[in-house]
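First comes the structure, then the notes that go with it.
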Amino acid sequence: MAKKKKNGVLVFLLILLIFLVVGMFAFMMRTADHSAFEPIPIEPPTEPVTEPASVFDKNDPNLVLVNKESVVDESYEPEELVYIDESMRAADRAPQYQRMQPEAAAAFEALVNGAAEDGLTIKVTTAYRPYSYQADLYNYYLAVKGEEWTKQYSAPPGTSEHQTGLAADVSCPSINYELDVSFGETAEGAWLEQHAHEYGYILRYQEGMEAVTGYSYEPWHIRYVGTEAAEVITEKGITLEEFLGDI
Ligand SMILES: [Zn+2]
């Protein structure tokens, strides 16, 4: 009987021990859990992550956008216009339309000299054209070529880049200084495609970009935007519209 009693005490102590261990374990877990709700030290706020500022400014006058949606009014006129060097002007066009803004004119002359170094001849046919010229031209084309042709190839007054003094139509002797898509096939046209950006110019109306620019392919129409912008636009193969949308 005494042995049985002793065994009962042992079992009781064992159960008590188990309770104690389980209880301690539960207490420790509780303590551990508690620590999870301790306030997390607040870290000092880090610098807000910002995109590096674009080096381009939409208000840069060299990046002005003129197209069929972004129209300039009749009174818009560049502050200053200078004649492009006479040797670089197609002879049978009116000289007053062979002017550009000074920076664009200087860049154009550098471009022509660059082409000459490669044995090629590029001349301007017309560059700056005032609102009135574009209005007359548009009406002339309407009468002579009809509405369909005119809408595709000629800019209604106020929608032509030529009014900015930053655009030039160029050609070469092998096609008689005509403005024709065949210019793109000439050595001069190919040279422009490769080198225009080095002088701050872009080929404004690229093939296949009609839906964006609103104009058919015009390999002869170049536009001054400055060398940095020209390099990005050319490298990415985008239009001025797309470039301005990105900056
Ligand atoms: Zn043009």
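Here's how to read the names in the structure tokens: chain A, B, ... by the order shown, residue numbers from 1 in each chain, ligand numbers from 1 in the order shown.
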If you take only C-alpha atoms and all ligand atoms and a cut-off of 10 Å, which residues of chain A touch ligand 1, and what are their nearest atom pairs and distances in Å to one decimal, in chain and number order, as a Markdown table?
| residue | atom | partner | partner_atom_place_in_ligand_line | distance |
| --- | --- | --- | --- | --- |
| A:Thr125 | CA | ligand 1 | 1 (Zn) | 9.3 |
| A:Thr126 | CA | ligand 1 | 1 (Zn) | 7.6 |
| A:Ala127 | CA | ligand 1 | 1 (Zn) | 7.4 |
| A:Tyr128 | CA | ligand 1 | 1 (Zn) | 9.4 |
| A:Arg129 | CA | ligand 1 | 1 (Zn) | 9.5 |
| A:Tyr153 | CA | ligand 1 | 1 (Zn) | 9.6 |
| A:Ser154 | CA | ligand 1 | 1 (Zn) | 8.9 |
| A:Ala155 | CA | ligand 1 | 1 (Zn) | 9.0 |
| A:Ser160 | CA | ligand 1 | 1 (Zn) | 7.7 |
| A:Glu161 | CA | ligand 1 | 1 (Zn) | 7.3 |
| A:His162 | CA | ligand 1 | 1 (Zn) | 6.4 |
| A:Ala167 | CA | ligand 1 | 1 (Zn) | 6.6 |
| A:Ala168 | CA | ligand 1 | 1 (Zn) | 5.8 |
| A:Asp169 | CA | ligand 1 | 1 (Zn) | 4.7 |
| A:Val170 | CA | ligand 1 | 1 (Zn) | 8.3 |
| A:Leu179 | CA | ligand 1 | 1 (Zn) | 8.9 |
| A:Arg204 | CA | ligand 1 | 1 (Zn) | 8.8 |
| A:Tyr205 | CA | ligand 1 | 1 (Zn) | 9.0 |
| A:Glu218 | CA | ligand 1 | 1 (Zn) | 7.5 |
| A:Pro219 | CA | ligand 1 | 1 (Zn) | 9.3 |
| A:Trp220 | CA | ligand 1 | 1 (Zn) | 7.0 |
| A:His221 | CA | ligand 1 | 1 (Zn) | 4.4 |
| A:Ile222 | CA | ligand 1 | 1 (Zn) | 7.1 |
| A:Arg223 | CA | ligand 1 | 1 (Zn) | 8.5 |
Based on DSSP run over this structure's backbone, return all residues of region 90-245 of chain A in strand (DSSP E), as a ChimeraX atom specification. /A:99-100,123-126,167-171,201-205,218-224
Which value, in Å to one decimal, gives the distance between CA of Val72 (chain A) and CA of Thr159 (chain A)? 6.5 Å
Return the single residue from A:Ser216, A:Gln101, A:Thr150, A:Gln206 that is closest to Thr234 (chain A), with distances computed using only C-alpha atoms.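 Nearest candidate to Thr234 (chain A) out of A:Ser216, A:Gln101, A:Thr150, A:Gln206: A:Gln206.
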Using only C-alpha atoms, which protein or nucleic acid residues come within 12 Å of Asp118 (chain A)? Drop anything in the same chain fewer than 6 positions from it, and give the result as an MDAnalysis selection string. chainID A and resid 111:112 187:188 190:192 195
Take the residues that were just selected and, keeping N, CA and C atoms, output them as a compact mmCIF listing (two decimals), in the first residue's frame.
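The resulting file, result-v6.txt, is shown below:
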# COMPACT_ATOMS: atom_id res chain seq x y z
N LEU A 111 26.15 72.84 -91.01
CA LEU A 111 25.68 71.58 -91.62
C LEU A 111 26.06 71.53 -93.10
N VAL A 112 25.82 72.61 -93.81
CA VAL A 112 26.14 72.65 -95.25
C VAL A 112 27.66 72.46 -95.44
N ALA A 187 22.44 61.07 -102.28
CA ALA A 187 23.54 61.00 -101.31
C ALA A 187 23.36 62.06 -100.23
N GLU A 188 22.86 63.23 -100.65
CA GLU A 188 22.64 64.32 -99.69
C GLU A 188 21.55 63.96 -98.68
N ALA A 190 20.66 60.97 -97.76
CA ALA A 190 21.20 59.93 -96.87
C ALA A 190 22.16 60.55 -95.84
N TRP A 191 22.96 61.51 -96.34
CA TRP A 191 23.91 62.19 -95.43
C TRP A 191 23.15 62.91 -94.31
N LEU A 192 22.07 63.59 -94.70
CA LEU A 192 21.26 64.31 -93.70
C LEU A 192 20.73 63.37 -92.63
N HIS A 195 23.68 62.66 -90.38
CA HIS A 195 24.47 63.72 -89.73
C HIS A 195 23.69 64.95 -89.25
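Proximity to Asn62 (chain A) was assessed for A:Glu210, A:Glu103, A:Asp180, A:Glu147 counting only C-alpha atoms; the smallest distance is recorded for A:Glu103.
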Just the residues within 12 Å of Ser54 (chain A), please, counting only C-alpha atoms, with nothing from its chain fewer than 5 positions along; format it as a compact mmCIF listing (two decimals) with C-alpha atoms, in the first residue's frame.
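Produced file out_10.txt, reproduced below:
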# COMPACT_ATOMS: atom_id res chain seq x y z
CA GLU A 228 21.11 67.84 -77.31
CA ALA A 229 17.48 67.38 -78.30
CA PHE A 243 10.01 63.78 -77.55
CA LEU A 244 8.05 66.69 -76.06
CA ASP A 246 8.51 62.51 -72.74
CA ILE A 247 10.21 65.50 -71.16
